[in-house]
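*Asks:* Following this message is one structure expressed as structure tokens.
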Amino acid sequence: MIIPQKTTVLHCEDFSVSGEKFELKRATDFDILITTPQPKGEELGQYYKSEDYISHTDGKRNVFERVYHAVKSVALQNKLKLINSYASEEKSVLDVGCGTGDFLALAQKNGWSVRGVEPNDAARKLAQQKLKNNQSVLNANETETLKISSFDVVTLWHVLEHLPDLEEQITFYTSLLKPNGKLIIAVPNYKSYDANYYKAFWAAYDVPRHLWHFSKKGLSQLLEQQQLLVEKTLPMFFDAFYVSLLSEKYKTGKMNVFNAFRIGMLSNMKAKRSGEYSSLIYMVKKA
């Protein structure tokens with residue numbers, strides 16, 4: 001069990017929905033920060049009810065959203081290339097927290113058998129419409145229908161930080177992998193340069209939707225406890241710019257594109273030496 005220490009590391013605010021204040025506390029046994037208090041069940045769902053929660057919509061209402069979707073299209077191709085390197089003859093993938101289904105739709109068009117899990121009703125409906133088999137996307141309470149040892153790849157693209165009962169969920173989704181299957185996890189890195197620069201205004205803290213905040217060491221510790229091994233980590237270069245742009249908005253009330261670009265660039269440059277990118281992809285296998 002991940003237990004928080006008493007000392008508060010940082011005071012944060014929910015800038016995108018409620019305006020409420022939260023604390024980040026360090027875990028006792030892991031290099032992980034914990035959002036405190038953590039909303040539960042239906043209460044947690046209330047913090048996702050916003051038209052500005054971009055992963056649950058296909059909206060292109062403004063320049064920011066149009067840029068987001070343009071970058072997303074490049075990222076999707078990179079994700080497809082990544083999972084293709086781990087495909088068996090059957091090519092089966094489960095995407096947990098699949099949002100509006102663009103990654104699944106692309107994988108399906110490229111010969112993958114796809115399933116998705118998405119708790120948000122509106123996003124799940126959009127995802128189902130994009131897939132040939134509209135039963136391919138499950139609600140979070142339907143995952144017991146998934147078969148053990150049935151997927152080559154299970155992906156959690158910026159999802160792990162949202163999941164309550166974290167350790168139990170890692171155990172469950174790992175059990176769905178074939179013997180040589182791969183778990184792919186992408187999460188923000190609170191030890192990146194942009195996180196240190198923006199501090200409480202760092203958009204990737206995104207309290208209270210992000211319940212957990214990982215460093216490379218912390219996530220590796222947690223996975224090792226689950227008898228899982230991180231084979232390698234890969235950078236997500238675009239995240240430094242996207243997160244910096246939102247962080248500028250939270251800090252100053254304006255996008256400040258030039259400063260956001262500067263901080264994003266600095267973050268990526270410094271990470272070439274330290275490895276501490278704004279977000280990281282973890283390639284994980286059973287130990």
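In the structure tokens, the first chain shown is A, the next is B, and so on; residue numbers restart at 1 for each chain, and ligands run from 1 in the order shown.
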Give me the residues within 8 Å of segment 184-195 of chain A as a ChimeraX atom specification, counting only C-alpha atoms and dropping any in the same chain fewer than 3 places off.
*Replies:* /A:153-161,198-199,202,204-205,213-216,240,244,263-264,266-267,270-271,276-284
*Asks:* Which of segment 5-187 of chain A end up as helix (DSSP H, G or I) when DSSP is run on this backbone - answer as a short mmCIF file (atom, residue, chain, number, x, y, z; two decimals) with C-alpha atoms, in the first residue's frame?
*Replies:*
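Output saved as selection-v2.cif:
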data_model
loop_
_atom_site.label_atom_id
_atom_site.label_comp_id
_atom_site.auth_asym_id
_atom_site.auth_seq_id
_atom_site.Cartn_x
_atom_site.Cartn_y
_atom_site.Cartn_z
CA GLY A 41 -15.80 7.24 -6.73
CA GLU A 42 -18.48 9.57 -8.05
CA GLU A 43 -16.83 12.50 -6.29
CA LEU A 44 -13.70 12.01 -8.41
CA GLY A 45 -15.80 11.92 -11.58
CA GLN A 46 -17.05 15.44 -10.90
CA TYR A 47 -13.56 16.82 -11.48
CA TYR A 48 -13.60 15.59 -15.09
CA ILE A 54 -9.27 17.97 -23.91
CA SER A 55 -8.66 14.20 -23.90
CA HIS A 56 -12.42 13.63 -23.62
CA VAL A 63 -5.72 27.72 -31.67
CA PHE A 64 -4.60 25.79 -28.60
CA GLU A 65 -6.94 22.87 -29.34
CA ARG A 66 -6.02 22.84 -33.04
CA VAL A 67 -2.31 22.72 -32.18
CA TYR A 68 -3.00 19.98 -29.64
CA HIS A 69 -4.68 17.78 -32.26
CA ALA A 70 -1.96 18.47 -34.83
CA VAL A 71 0.72 17.35 -32.38
CA LYS A 72 -1.49 14.43 -31.34
CA SER A 73 -1.49 13.08 -34.91
CA VAL A 74 2.32 12.91 -34.88
CA ALA A 75 2.30 11.29 -31.43
CA LEU A 76 -0.19 8.67 -32.60
CA GLN A 77 2.14 7.58 -35.40
CA ASN A 78 4.98 7.28 -32.90
CA LYS A 79 2.80 5.14 -30.62
CA LEU A 80 1.84 2.87 -33.52
CA LYS A 81 5.50 2.41 -34.46
CA LEU A 82 6.27 1.55 -30.85
CA ILE A 83 3.62 -1.15 -30.46
CA ASN A 84 4.44 -2.60 -33.89
CA ASP A 102 -7.87 7.79 -31.95
CA PHE A 103 -5.00 5.48 -30.99
CA LEU A 104 -7.24 2.40 -31.17
CA ALA A 105 -8.67 3.47 -34.53
CA LEU A 106 -5.18 3.90 -35.98
CA ALA A 107 -4.03 0.54 -34.59
CA GLN A 108 -7.12 -1.18 -35.97
CA LYS A 109 -6.51 0.28 -39.43
CA ASP A 121 -19.38 8.14 -21.21
CA ALA A 122 -19.01 10.89 -23.83
CA ALA A 123 -15.43 9.93 -24.74
CA ARG A 124 -16.32 6.24 -24.86
CA LYS A 125 -19.19 6.92 -27.27
CA LEU A 126 -16.85 8.84 -29.60
CA ALA A 127 -14.30 6.02 -29.43
CA GLN A 128 -16.91 3.38 -30.28
CA GLN A 129 -17.98 5.35 -33.35
CA LYS A 130 -14.42 5.31 -34.72
CA ALA A 140 -14.22 0.63 -16.26
CA ASN A 141 -16.68 -1.67 -14.47
CA GLU A 142 -16.73 -4.12 -17.41
CA THR A 143 -13.06 -5.10 -17.38
CA GLU A 144 -13.78 -8.45 -15.71
CA THR A 145 -14.90 -9.64 -19.16
CA LEU A 160 -1.69 5.51 -14.50
CA GLU A 161 -1.64 8.81 -12.61
CA HIS A 162 -5.47 8.85 -12.70
CA LEU A 166 -3.08 1.84 -8.09
CA GLU A 167 -1.29 -1.36 -7.15
CA GLU A 168 -4.36 -3.55 -7.70
CA GLN A 169 -4.88 -2.05 -11.15
CA ILE A 170 -1.26 -2.64 -12.16
CA THR A 171 -1.60 -6.27 -11.07
CA PHE A 172 -4.83 -6.72 -13.00
CA TYR A 173 -3.68 -5.18 -16.28
CA THR A 174 -0.40 -7.07 -16.12
CA SER A 175 -2.37 -10.32 -15.80
#
*Asks:* I need the residues of segment 52-226 of chain A that end up classed as strand (DSSP E) by DSSP on the backbone, written out as a ChimeraX atom specification.
*Replies:* /A:92-96,113-117,137-138,151-157,177-188,212-214
*Asks:* Give me a file of those residues, with C-alpha atoms, as a CSV table (one decimal), in the first residue's frame.
*Replies:*
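This went into out_11.csv:
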chain,number,residue,atom,x,y,z
A,92,SER,CA,-3.7,-7.6,-30.0
A,93,VAL,CA,-3.6,-4.4,-27.9
A,94,LEU,CA,-5.6,-3.1,-25.0
A,95,ASP,CA,-5.6,0.7,-24.5
A,96,VAL,CA,-6.6,1.6,-20.9
A,113,SER,CA,-7.1,-6.5,-32.8
A,114,VAL,CA,-8.1,-3.7,-30.4
A,115,ARG,CA,-9.9,-3.3,-27.1
A,116,GLY,CA,-10.3,-0.2,-25.0
A,117,VAL,CA,-11.3,0.9,-21.5
A,137,VAL,CA,-14.6,-0.1,-25.8
A,138,LEU,CA,-15.5,-1.1,-22.3
A,151,PHE,CA,-2.9,-9.2,-25.2
A,152,ASP,CA,0.5,-8.6,-26.8
A,153,VAL,CA,0.5,-5.0,-25.5
A,154,VAL,CA,-1.4,-3.1,-22.8
A,155,THR,CA,-1.0,0.6,-23.0
A,156,LEU,CA,-1.7,3.3,-20.4
A,157,TRP,CA,-0.9,6.7,-22.1
A,177,LEU,CA,-0.6,-9.8,-20.9
A,178,LYS,CA,0.6,-12.8,-22.9
A,179,PRO,CA,3.8,-14.4,-21.4
A,180,ASN,CA,6.1,-12.2,-23.5
A,181,GLY,CA,3.7,-9.2,-23.6
A,182,LYS,CA,4.6,-5.6,-22.9
A,183,LEU,CA,3.1,-3.0,-20.6
A,184,ILE,CA,3.6,0.5,-21.9
A,185,ILE,CA,3.1,3.3,-19.4
A,186,ALA,CA,3.4,7.0,-20.1
A,187,VAL,CA,3.3,9.5,-17.2
A,188,PRO,CA,4.5,13.0,-16.3
A,212,TRP,CA,-0.1,10.1,-8.1
A,213,HIS,CA,3.0,11.9,-9.3
A,214,PHE,CA,6.0,9.8,-10.4
*Asks:* So, with only C-alpha atoms as the atoms that count, which of A:Gln38, A:Asn120, A:Ser150, A:Asn196 lies closest to Asp165 of chain A?
*Replies:*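 Checking each of A:Gln38, A:Asn120, A:Ser150, A:Asn196 against Asp165 of chain A, counting only C-alpha atoms, the winner is A:Gln38.
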*Asks:* What lies within 10 Å of segment 6-19 of chain A using only C-alpha atoms, ignoring chain neighbours under 3 positions off, as a VMD selection string?
*Replies:* chain A and resid 3 22 to 28 33 to 36 46 to 53 199 to 203 205 to 209 246 to 247 249 to 251
*Asks:* Would you work out the distance separating atom CA of Gln5 of chain A from atom CA of Gly275 of chain A, expressed in Å to one decimal?
*Replies:*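 Atom CA of Gln5 of chain A sits 26.9 Å away from atom CA of Gly275 of chain A.
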